[in-house]
Every structure is written in structure tokens, then in C-alpha cells.
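Asks: Input: one structure, supplied below.
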Amino acid sequence: MGVGSASKGTPLAVAPMTGGTVKSESGFSSAIDADFVGTGADYIHNDPSGKHMRLNAHQVIKGKSGSMIYLNYTGVVDITPELGAILGGIPDAKSTPFGNSFIEMRFETGDEKFKELETSTFVGAERFIVEKDKPVVVEYKLSKVLAGK
């Protein structure tokens, strides 16, 4: 859905986020196993050069225990030829590897079990998965930033 942006000079696109899951790797201290609730949105600005997209996404997830968690991420996506083919709906588009898109993710929750998420910094890499006759899947691998020794 195109909205436009008079002040930034580049179009604002709003991409609904209607389904998905968030699942942590086994052994993570604040383990999450949650599904998207309702419809979130990714607010996307394309750079004037057409070489990058800037993301600002918002979503609420609900854990298997009933915990509600708000997540927000911002990031920059390199629009490679492969990603351009996906975004352009080219029939023979291929999946992209991790390494061309990076985000920072923040969490907010009222559940003490997940309070650590609010005081931690997470960064991630993104890839797009294309499978025949299925919707494109966007996958992120997140890492918690730790102090160096």
C-alpha cells in the first residue's frame, strides 16, 4: 500500500504483517515461542537511489503461555538483483541468502518472564525464502549483543 512522503521525498510503503512466528533457539534464557496477533505493519521507505529500503516494523506476538510481547525493528535492506526479482514478482525469482539486510529489534512486555528482552539489544540478518506456489517468507536470525571480555 503506497502512502507517499512529501517531506522525505521518497515514497512510504506500508506492508501488512498478517502472520508469522517468533521462536528462539533452544537454550536461550528468555525462550520465546509465539505467533503474530492481529495485523502489524512494516513501514518502508525506499532510498532515492533505489538501492536500499529502510524498515520500521511493529507487531504484537502472543506466546504459548499467553504472554503478549510487542516487537519493533528498524533496519536497512540492500536491494540486490535477487531481491528486486522477488519484489517485482518475477516468476523465477530465487531465495536470498542472509547478509544483505540487517535490523535492530526491541521488545516490550508486561510479563516478568520476558523482562530481560526489554533490557537487551538484539541485531539480526534477514533473508527472503521463495518456494513455488507459496507466499514469500521473510526470515530473521537474531543475536543478542553481549559485552566483550
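Residue numbering restarts at 1 in every chain; chains get A, B, ... in the order shown in the C-alpha cells, and ligands count up from 1 in that same order.
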Going by DSSP on the backbone, which residues of range 36-79 of chain A come out as strand (DSSP E)? List them as JSON, numbers by chain.

Replies: {"A": [36, 37, 38, 39, 40, 41, 42, 43, 44, 45, 46, 52, 53, 54, 55, 56, 57, 58, 59, 60, 61, 62, 63, 68, 69, 70, 71, 72, 73, 74, 75, 76, 77, 78]}

Asks: Please report as a Markdown table every residue of range 68-107 of chain A lying within 7 Å of range 127-149 of chain A, along with the nearest atom pair and their distance in Å (one decimal), using only C-alpha atoms.

Replies:
```
| residue | atom | partner | partner_atom | distance |
| --- | --- | --- | --- | --- |
| A:Lys94 | CA | A:Val130 | CA | 5.9 |
| A:Ser95 | CA | A:Ile129 | CA | 4.6 |
| A:Thr96 | CA | A:Phe128 | CA | 5.3 |
| A:Pro97 | CA | A:Arg127 | CA | 5.5 |
| A:Phe98 | CA | A:Arg127 | CA | 4.9 |
```

Asks: Could those residues be written to a file, using N, CA and C atoms, as a PDB file, in the first residue's frame?

Replies:
```pdb
ATOM      1  N   LYS A  94      14.548 -16.272  -7.042  1.00  0.00           N
ATOM      2  CA  LYS A  94      15.185 -17.240  -6.140  1.00  0.00           C
ATOM      3  C   LYS A  94      15.302 -16.651  -4.741  1.00  0.00           C
ATOM      4  N   SER A  95      15.409 -17.525  -3.748  1.00  0.00           N
ATOM      5  CA  SER A  95      15.616 -17.102  -2.364  1.00  0.00           C
ATOM      6  C   SER A  95      16.916 -16.326  -2.240  1.00  0.00           C
ATOM      7  N   THR A  96      16.981 -15.459  -1.236  1.00  0.00           N
ATOM      8  CA  THR A  96      18.203 -14.691  -0.992  1.00  0.00           C
ATOM      9  C   THR A  96      18.926 -15.262   0.222  1.00  0.00           C
ATOM     10  N   PRO A  97      20.239 -15.109   0.288  1.00  0.00           N
ATOM     11  CA  PRO A  97      20.976 -15.558   1.470  1.00  0.00           C
ATOM     12  C   PRO A  97      20.913 -14.489   2.563  1.00  0.00           C
ATOM     13  N   PHE A  98      21.281 -14.876   3.778  1.00  0.00           N
ATOM     14  CA  PHE A  98      21.490 -13.886   4.826  1.00  0.00           C
ATOM     15  C   PHE A  98      22.680 -13.025   4.419  1.00  0.00           C
TER      16      PHE A  98
END
```

Asks: Give me every helix (DSSP H, G or I) residue in range 79-135 of chain A, going by DSSP on the backbone, as a count of residues only.

Replies: 14

Asks: For CA of Glu108 in chain A and CA of Met68 in chain A, determine how far apart the two atoms are, in Å to one decimal place.

Replies: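 Between CA of Glu108 in chain A and CA of Met68 in chain A the gap is 8.8 Å.
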
Asks: By how many Å are CA of Gly110 in chain A and CA of Tyr70 in chain A apart?

Replies: 9.6 Å

Asks: Here is a test: counting only C-alpha atoms, which residue of A:Val60, A:Leu55, A:Val76, A:Leu117 is nearest to Leu12 in chain A?

Replies: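 The answer is A:Leu55, which sits nearest to Leu12 in chain A.
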
Asks: Considering only C-alpha atoms, can you say which of A:Asp35, A:Thr119, A:Gly124, A:Gln59 comes closest to Val77 in chain A?

Replies: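 Answer, going by the shortest atom-to-atom distance: A:Gly124.
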
Asks: I want to know what sits within 10 Å of Ala41 in chain A, based on only C-alpha atoms, with residues of the same chain fewer than 2 positions away left out; could you give that as a count of residues only?

Replies: 14

Asks: Fewer than 3 positions away in the same chain doesn't count, so skip those; otherwise give me all residues within 8 Å of Glu104 in chain A, counting only C-alpha atoms, as a VMD selection string.

Replies: chain A and resid 73 to 75 121 to 124

Asks: For the residues in that selection, give me N, CA and C atoms as a PDB file, in the first residue's frame.

Replies:
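File again24.pdb, as written:
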```
ATOM      1  N   TYR A  73      11.215  -3.389  14.965  1.00  0.00           N
ATOM      2  CA  TYR A  73      12.568  -3.424  14.417  1.00  0.00           C
ATOM      3  C   TYR A  73      12.726  -2.376  13.337  1.00  0.00           C
ATOM      4  N   THR A  74      13.961  -1.900  13.247  1.00  0.00           N
ATOM      5  CA  THR A  74      14.349  -0.979  12.188  1.00  0.00           C
ATOM      6  C   THR A  74      15.566  -1.570  11.505  1.00  0.00           C
ATOM      7  N   GLY A  75      15.745  -1.245  10.247  1.00  0.00           N
ATOM      8  CA  GLY A  75      16.896  -1.785   9.549  1.00  0.00           C
ATOM      9  C   GLY A  75      17.019  -1.265   8.137  1.00  0.00           C
ATOM     10  N   THR A 121      19.898  -5.783  23.794  1.00  0.00           N
ATOM     11  CA  THR A 121      19.979  -5.308  22.414  1.00  0.00           C
ATOM     12  C   THR A 121      20.100  -6.522  21.500  1.00  0.00           C
ATOM     13  N   PHE A 122      19.274  -6.548  20.472  1.00  0.00           N
ATOM     14  CA  PHE A 122      19.285  -7.648  19.510  1.00  0.00           C
ATOM     15  C   PHE A 122      19.522  -7.101  18.107  1.00  0.00           C
ATOM     16  N   VAL A 123      20.363  -7.768  17.371  1.00  0.00           N
ATOM     17  CA  VAL A 123      20.599  -7.430  15.971  1.00  0.00           C
ATOM     18  C   VAL A 123      20.321  -8.681  15.146  1.00  0.00           C
ATOM     19  N   GLY A 124      19.994  -8.480  13.889  1.00  0.00           N
ATOM     20  CA  GLY A 124      19.654  -9.636  13.081  1.00  0.00           C
ATOM     21  C   GLY A 124      19.949  -9.444  11.613  1.00  0.00           C
TER      22      GLY A 124
END
```

Asks: Hey, which of A:Pro11, A:Lys115, A:Asp33, A:Ser101 ends up closest to Ser65 in chain A? Count only C-alpha atoms.

Replies: A:Asp33
